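For reference, the structure discussed in these notes is given below.
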Amino acid sequence: MSTPASNGNGAPLIELRGLTKTYGKGDAAFQALKGINLEIHQGEFVAIMGHSGSGKSTLMNILGCLDTPTTGNYLFQGIAVEGLNPDQRSLLRRHALGFIFQGFNLLARTSALENVELPLLYRGVNRNERHALARKALASVGLPTKERNTPAELSGGQQQRVAIARALVTEPGTLFADEPTGNLDSTTTHEVMDLLCKLNDDLGITVLMVTHEDDVAAYAKRVVRVVDGLIESDHINTSRRNHTP
């Protein structure tokens with residue numbers, strides 16, 4: 001069992017046991033994951049690394065309840081996720097998880113405020129409360145004056161901050177970031193990673209991030225490297241890159 005960062009404080013937030021994922025059947029079958037064992041505790045910042053085709057994105061999709069394993073067990077707060085139906089997995093995503101994507105995934109013709117409000121709209125939150133919570137989330141990522149701007153009127157870094165605010169507006173305990181700096185320059189990458197570190201350090205949000213870049217993984221507290229569908233290494237990042245206090 002992969003547990004180098006286990007702090008001994010109760011059961012893990014996430015536990016994977018013998019997790020496999022196979023696409024296709026017969027001669028066309030491809031095994032993307034070949035038996036993953038992993039534990040992640042509340043409050044960790046974990047970078048999942050690997051080259052294209054390593055299985056890291058498949059692993060992240062399963063962790064984020066966007067896909068299901070072929071065999072094995074996935075426990076989230078003790079709940080057997082592989083046994084949930086699609087509606088139950090959707091509820092888990094909606095109420096416990098937040099997502100940040102490389103491509104931002106913002107609606108082009110709507111304001112930053114409206115983009116951040118979307119998860120609350122799906123929850124049925126009333127208009128006034130949605131506005132208040134979205135404004136709070138935008139302020140928390142340093143964009144209190146950009147709520148009326150559309151994505152086209154924002155820089156790449158600002159768009160990613162809006163996407164982070166959208167992920168935070170439902171106050172999830174766990175944040176999944178899939179190549180969150182892939183479309184950003186080096187200066188903006190540092191700003192976004194600095195923000196993720198603060199969310200982890202100051203608010204205790206668990207962050208799981210997929211990346212293939214060593215300089216981005218350097219911000220994480222723990223690095224898990226996936227090669228050919230298996231965990232090759234799993235270690236505490238003793239030289240974690242400092243972020244702005």
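In the structure tokens, each chain is lettered A, B, ... as it comes, each chain's residues begin at 1, and ligands are numbered from 1 in order of appearance.
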
Shell of 7 Å around range 176-184 of chain A, only C-alpha atoms, local chain residues under 6 positions omitted, as a PyMOL selection string:
chain A and resi 64+98-102+156-157+207-211

Pull all heavy atoms from the residues just selected and write them as an mmCIF file, in the first residue's frame.
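File produced: selection_26.cif:
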data_model
loop_
_atom_site.group_PDB
_atom_site.id
_atom_site.type_symbol
_atom_site.label_atom_id
_atom_site.label_comp_id
_atom_site.auth_asym_id
_atom_site.auth_seq_id
_atom_site.Cartn_x
_atom_site.Cartn_y
_atom_site.Cartn_z
ATOM 1 N N GLY A 64 -11.705 11.232 -9.589
ATOM 2 C CA GLY A 64 -12.703 12.294 -9.644
ATOM 3 C C GLY A 64 -14.107 11.823 -9.941
ATOM 4 O O GLY A 64 -14.997 12.644 -10.171
ATOM 5 N N GLY A 98 -14.131 19.424 -6.302
ATOM 6 C CA GLY A 98 -14.012 20.556 -7.205
ATOM 7 C C GLY A 98 -13.025 20.210 -8.309
ATOM 8 O O GLY A 98 -12.100 19.420 -8.088
ATOM 9 N N PHE A 99 -13.212 20.784 -9.506
ATOM 10 C CA PHE A 99 -12.392 20.424 -10.660
ATOM 11 C C PHE A 99 -11.828 21.661 -11.355
ATOM 12 O O PHE A 99 -12.544 22.640 -11.577
ATOM 13 C CB PHE A 99 -13.211 19.619 -11.677
ATOM 14 C CG PHE A 99 -13.676 18.294 -11.158
ATOM 15 C CD1 PHE A 99 -14.880 18.181 -10.480
ATOM 16 C CD2 PHE A 99 -12.906 17.153 -11.327
ATOM 17 C CE1 PHE A 99 -15.317 16.957 -9.992
ATOM 18 C CE2 PHE A 99 -13.332 15.928 -10.843
ATOM 19 C CZ PHE A 99 -14.543 15.828 -10.172
ATOM 20 N N ILE A 100 -10.537 21.582 -11.701
ATOM 21 C CA ILE A 100 -9.865 22.619 -12.484
ATOM 22 C C ILE A 100 -9.242 21.929 -13.688
ATOM 23 O O ILE A 100 -8.538 20.927 -13.541
ATOM 24 C CB ILE A 100 -8.762 23.319 -11.671
ATOM 25 C CG1 ILE A 100 -9.330 23.879 -10.358
ATOM 26 C CG2 ILE A 100 -8.118 24.435 -12.484
ATOM 27 C CD1 ILE A 100 -8.259 24.293 -9.389
ATOM 28 N N PHE A 101 -9.476 22.491 -14.882
ATOM 29 C CA PHE A 101 -9.003 21.854 -16.115
ATOM 30 C C PHE A 101 -7.996 22.742 -16.833
ATOM 31 O O PHE A 101 -7.982 23.968 -16.672
ATOM 32 C CB PHE A 101 -10.184 21.558 -17.044
ATOM 33 C CG PHE A 101 -11.234 20.685 -16.425
ATOM 34 C CD1 PHE A 101 -12.377 21.242 -15.869
ATOM 35 C CD2 PHE A 101 -11.082 19.305 -16.385
ATOM 36 C CE1 PHE A 101 -13.351 20.441 -15.293
ATOM 37 C CE2 PHE A 101 -12.051 18.499 -15.814
ATOM 38 C CZ PHE A 101 -13.185 19.069 -15.263
ATOM 39 N N GLN A 102 -7.190 22.129 -17.667
ATOM 40 C CA GLN A 102 -6.174 22.846 -18.431
ATOM 41 C C GLN A 102 -6.803 23.901 -19.328
ATOM 42 O O GLN A 102 -6.286 25.010 -19.471
ATOM 43 C CB GLN A 102 -5.360 21.860 -19.273
ATOM 44 C CG GLN A 102 -4.332 22.518 -20.180
ATOM 45 C CD GLN A 102 -3.518 21.490 -20.967
ATOM 46 O OE1 GLN A 102 -3.507 20.311 -20.640
ATOM 47 N NE2 GLN A 102 -2.853 21.940 -22.007
ATOM 48 N N GLY A 156 -5.037 34.749 -19.667
ATOM 49 C CA GLY A 156 -5.094 33.315 -19.386
ATOM 50 C C GLY A 156 -5.047 33.020 -17.902
ATOM 51 O O GLY A 156 -5.786 32.167 -17.400
ATOM 52 N N GLY A 157 -4.186 33.727 -17.183
ATOM 53 C CA GLY A 157 -4.102 33.518 -15.740
ATOM 54 C C GLY A 157 -5.376 33.904 -15.023
ATOM 55 O O GLY A 157 -5.810 33.225 -14.087
ATOM 56 N N VAL A 207 -5.543 18.684 -2.365
ATOM 57 C CA VAL A 207 -5.324 18.965 -3.779
ATOM 58 C C VAL A 207 -4.662 17.763 -4.436
ATOM 59 O O VAL A 207 -3.617 17.291 -3.983
ATOM 60 C CB VAL A 207 -4.443 20.211 -3.984
ATOM 61 C CG1 VAL A 207 -4.234 20.469 -5.476
ATOM 62 C CG2 VAL A 207 -5.074 21.436 -3.318
ATOM 63 N N LEU A 208 -5.289 17.258 -5.495
ATOM 64 C CA LEU A 208 -4.710 16.202 -6.326
ATOM 65 C C LEU A 208 -4.525 16.775 -7.719
ATOM 66 O O LEU A 208 -5.500 17.183 -8.364
ATOM 67 C CB LEU A 208 -5.618 14.973 -6.382
ATOM 68 C CG LEU A 208 -5.579 14.038 -5.173
ATOM 69 C CD1 LEU A 208 -6.391 14.635 -4.025
ATOM 70 C CD2 LEU A 208 -6.153 12.689 -5.532
ATOM 71 N N MET A 209 -3.301 16.806 -8.168
ATOM 72 C CA MET A 209 -2.968 17.484 -9.420
ATOM 73 C C MET A 209 -2.226 16.553 -10.367
ATOM 74 O O MET A 209 -1.239 15.920 -9.997
ATOM 75 C CB MET A 209 -2.088 18.700 -9.111
ATOM 76 C CG MET A 209 -1.556 19.435 -10.323
ATOM 77 S SD MET A 209 -0.497 20.839 -9.871
ATOM 78 C CE MET A 209 0.924 19.962 -9.156
ATOM 79 N N VAL A 210 -2.716 16.472 -11.607
ATOM 80 C CA VAL A 210 -2.015 15.747 -12.659
ATOM 81 C C VAL A 210 -1.111 16.730 -13.397
ATOM 82 O O VAL A 210 -1.545 17.832 -13.777
ATOM 83 C CB VAL A 210 -3.009 15.110 -13.653
ATOM 84 C CG1 VAL A 210 -2.323 14.790 -14.971
ATOM 85 C CG2 VAL A 210 -3.598 13.839 -13.069
ATOM 86 N N THR A 211 0.142 16.355 -13.586
ATOM 87 C CA THR A 211 1.060 17.183 -14.353
ATOM 88 C C THR A 211 2.177 16.312 -14.913
ATOM 89 O O THR A 211 2.480 15.251 -14.367
ATOM 90 C CB THR A 211 1.662 18.317 -13.500
ATOM 91 O OG1 THR A 211 2.500 19.141 -14.321
ATOM 92 C CG2 THR A 211 2.487 17.765 -12.345
#

DSSP on the backbone: what in range 45-210 of chain A comes out alpha helix (DSSP H), as number ranges by chain?
A: 56-63, 86-96, 112-123, 127-140, 156-168, 186-203

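CA of Arg89 in chain A is positioned 20.1 Å from CA of Leu38 in chain A.
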
Residues within 10 Å of range 185-196 of chain A, only C-alpha atoms, excluding chain neighbours under 4 positions, as a ChimeraX atom specification:
/A:45,140-142,155-158,160-161,164,175,177,180-181,200-202,205-207,209,215-220,241-245

Let me see the file: selected residues, N, CA and C atoms, as an mmCIF file, in the first residue's frame.
data_model
loop_
_atom_site.group_PDB
_atom_site.id
_atom_site.type_symbol
_atom_site.label_atom_id
_atom_site.label_comp_id
_atom_site.auth_asym_id
_atom_site.auth_seq_id
_atom_site.Cartn_x
_atom_site.Cartn_y
_atom_site.Cartn_z
ATOM 1 N N PHE A 45 -1.312 17.583 -0.528
ATOM 2 C CA PHE A 45 -1.199 18.161 -1.869
ATOM 3 C C PHE A 45 -0.349 17.171 -2.652
ATOM 4 N N SER A 140 -11.672 35.603 -3.329
ATOM 5 C CA SER A 140 -10.688 34.703 -2.716
ATOM 6 C C SER A 140 -9.549 34.355 -3.660
ATOM 7 N N VAL A 141 -9.776 34.515 -4.986
ATOM 8 C CA VAL A 141 -8.712 34.244 -5.964
ATOM 9 C C VAL A 141 -8.148 35.537 -6.538
ATOM 10 N N GLY A 142 -8.462 36.661 -5.887
ATOM 11 C CA GLY A 142 -7.874 37.932 -6.275
ATOM 12 C C GLY A 142 -8.526 38.628 -7.446
ATOM 13 N N SER A 155 -7.056 37.747 -19.079
ATOM 14 C CA SER A 155 -5.834 37.039 -19.463
ATOM 15 C C SER A 155 -5.992 35.550 -19.160
ATOM 16 N N GLY A 156 -5.037 34.749 -19.667
ATOM 17 C CA GLY A 156 -5.094 33.315 -19.386
ATOM 18 C C GLY A 156 -5.047 33.020 -17.902
ATOM 19 N N GLY A 157 -4.186 33.727 -17.183
ATOM 20 C CA GLY A 157 -4.102 33.518 -15.740
ATOM 21 C C GLY A 157 -5.376 33.904 -15.023
ATOM 22 N N GLN A 158 -6.004 34.997 -15.454
ATOM 23 C CA GLN A 158 -7.268 35.417 -14.857
ATOM 24 C C GLN A 158 -8.376 34.410 -15.156
ATOM 25 N N GLN A 160 -7.964 31.221 -15.568
ATOM 26 C CA GLN A 160 -7.762 30.055 -14.703
ATOM 27 C C GLN A 160 -8.176 30.369 -13.269
ATOM 28 N N ARG A 161 -7.978 31.603 -12.829
ATOM 29 C CA ARG A 161 -8.440 31.994 -11.492
ATOM 30 C C ARG A 161 -9.973 31.938 -11.407
ATOM 31 N N ILE A 164 -10.796 28.392 -11.002
ATOM 32 C CA ILE A 164 -10.532 27.954 -9.628
ATOM 33 C C ILE A 164 -11.643 28.434 -8.705
ATOM 34 N N LEU A 175 -9.913 19.034 -4.170
ATOM 35 C CA LEU A 175 -9.805 19.739 -5.438
ATOM 36 C C LEU A 175 -8.949 18.919 -6.392
ATOM 37 N N ALA A 177 -7.029 18.939 -10.004
ATOM 38 C CA ALA A 177 -6.484 19.864 -10.994
ATOM 39 C C ALA A 177 -5.787 19.060 -12.085
ATOM 40 N N PRO A 180 -3.280 22.049 -14.636
ATOM 41 C CA PRO A 180 -3.900 23.369 -14.462
ATOM 42 C C PRO A 180 -3.097 24.521 -15.038
ATOM 43 N N THR A 181 -1.813 24.303 -15.356
ATOM 44 C CA THR A 181 -0.983 25.384 -15.896
ATOM 45 C C THR A 181 -0.535 25.100 -17.329
ATOM 46 N N ASN A 200 -4.381 24.970 -0.141
ATOM 47 C CA ASN A 200 -4.011 23.759 0.586
ATOM 48 C C ASN A 200 -3.507 24.086 1.985
ATOM 49 N N ASP A 201 -2.606 25.043 2.100
ATOM 50 C CA ASP A 201 -1.979 25.357 3.382
ATOM 51 C C ASP A 201 -2.910 26.103 4.324
ATOM 52 N N ASP A 202 -3.649 27.072 3.795
ATOM 53 C CA ASP A 202 -4.460 27.944 4.652
ATOM 54 C C ASP A 202 -5.852 27.396 4.925
ATOM 55 N N ILE A 205 -7.606 22.400 2.092
ATOM 56 C CA ILE A 205 -8.225 21.690 0.974
ATOM 57 C C ILE A 205 -7.241 20.659 0.428
ATOM 58 N N THR A 206 -7.683 19.435 0.266
ATOM 59 C CA THR A 206 -6.864 18.397 -0.340
ATOM 60 C C THR A 206 -6.761 18.672 -1.832
ATOM 61 N N VAL A 207 -5.543 18.684 -2.365
ATOM 62 C CA VAL A 207 -5.324 18.965 -3.779
ATOM 63 C C VAL A 207 -4.662 17.763 -4.436
ATOM 64 N N MET A 209 -3.301 16.806 -8.168
ATOM 65 C CA MET A 209 -2.968 17.484 -9.420
ATOM 66 C C MET A 209 -2.226 16.553 -10.367
ATOM 67 N N ASP A 215 8.691 21.207 -12.736
ATOM 68 C CA ASP A 215 8.670 22.479 -12.021
ATOM 69 C C ASP A 215 7.298 22.784 -11.426
ATOM 70 N N VAL A 216 6.234 22.200 -11.980
ATOM 71 C CA VAL A 216 4.896 22.342 -11.404
ATOM 72 C C VAL A 216 4.721 21.375 -10.236
ATOM 73 N N ALA A 217 5.172 20.134 -10.407
ATOM 74 C CA ALA A 217 5.092 19.154 -9.322
ATOM 75 C C ALA A 217 5.887 19.586 -8.104
ATOM 76 N N ALA A 218 6.871 20.462 -8.299
ATOM 77 C CA ALA A 218 7.719 20.923 -7.197
ATOM 78 C C ALA A 218 6.927 21.663 -6.122
ATOM 79 N N TYR A 219 5.725 22.136 -6.444
ATOM 80 C CA TYR A 219 4.888 22.832 -5.467
ATOM 81 C C TYR A 219 4.130 21.859 -4.559
ATOM 82 N N ALA A 220 4.036 20.609 -4.945
ATOM 83 C CA ALA A 220 3.255 19.629 -4.185
ATOM 84 C C ALA A 220 4.036 19.123 -2.974
ATOM 85 N N ARG A 241 8.826 23.616 -3.417
ATOM 86 C CA ARG A 241 9.068 25.004 -3.828
ATOM 87 C C ARG A 241 8.272 25.957 -2.953
ATOM 88 N N ASN A 242 8.925 26.994 -2.453
ATOM 89 C CA ASN A 242 8.258 27.954 -1.602
ATOM 90 C C ASN A 242 7.273 28.787 -2.398
ATOM 91 N N HIS A 243 6.182 29.182 -1.732
ATOM 92 C CA HIS A 243 5.229 30.079 -2.368
ATOM 93 C C HIS A 243 5.107 31.336 -1.542
ATOM 94 N N THR A 244 4.497 32.356 -2.133
ATOM 95 C CA THR A 244 4.378 33.639 -1.446
ATOM 96 C C THR A 244 3.442 33.516 -0.266
ATOM 97 N N PRO A 245 3.834 33.944 0.942
ATOM 98 C CA PRO A 245 2.969 33.832 2.127
ATOM 99 C C PRO A 245 1.680 34.613 1.942
#

Could you list, as a PDB file with C-alpha atoms, in the first residue's frame, every residue within 6 Å of Leu16 in chain A, counting only C-alpha atoms and ignoring same-chain residues fewer than 3 positions away?
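Contents of the output file result_20.pdb:
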ATOM      1  CA  ASN A  37      -2.686   0.708  -4.477  1.00  0.00           C
ATOM      2  CA  LEU A  38      -2.759   4.210  -3.022  1.00  0.00           C
ATOM      3  CA  ASN A  73     -11.815  -0.913  -4.948  1.00  0.00           C
ATOM      4  CA  TYR A  74     -12.005   2.867  -4.594  1.00  0.00           C
TER       5      TYR A  74
END

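CA of Leu120 in chain A is positioned 23.5 Å from CA of Glu153 in chain A.
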
Write out as an NGL selection string which residues come within 12 Å of Asn85 in chain A when counting only C-alpha atoms, dropping same-chain ones fewer than 5 positions away.
:A and (65-68 or 80 or 90-92)

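Counting only C-alpha atoms and comparing A:Leu97, A:Ile48, A:Glu171, A:Phe104, the residue that lies closest to Leu203 in chain A is A:Glu171.
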
Filtered DSSP result for range 10-240 of chain A, state strand (DSSP E or B), as a ChimeraX atom specification
/A:14-23,30-40,45-49,71-76,79-80,97-101,174-178,206-211,222-227,230-236

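Counting only C-alpha atoms and comparing A:Ala28, A:Glu213, A:Arg166, A:Glu44, the residue that lies closest to Ile236 in chain A is A:Glu44.
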
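Among A:Met49, A:Val162, A:Leu19, A:Ile14, the residue with the shortest atom-to-atom distance to Arg222 in chain A, counting only C-alpha atoms, is A:Met49.
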
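Of the residues listed (A:Ala134, A:Ala167, A:Leu59, A:Leu33), A:Ala134 shows the shortest atom-to-atom separation from Arg148 in chain A; distances use only C-alpha atoms.
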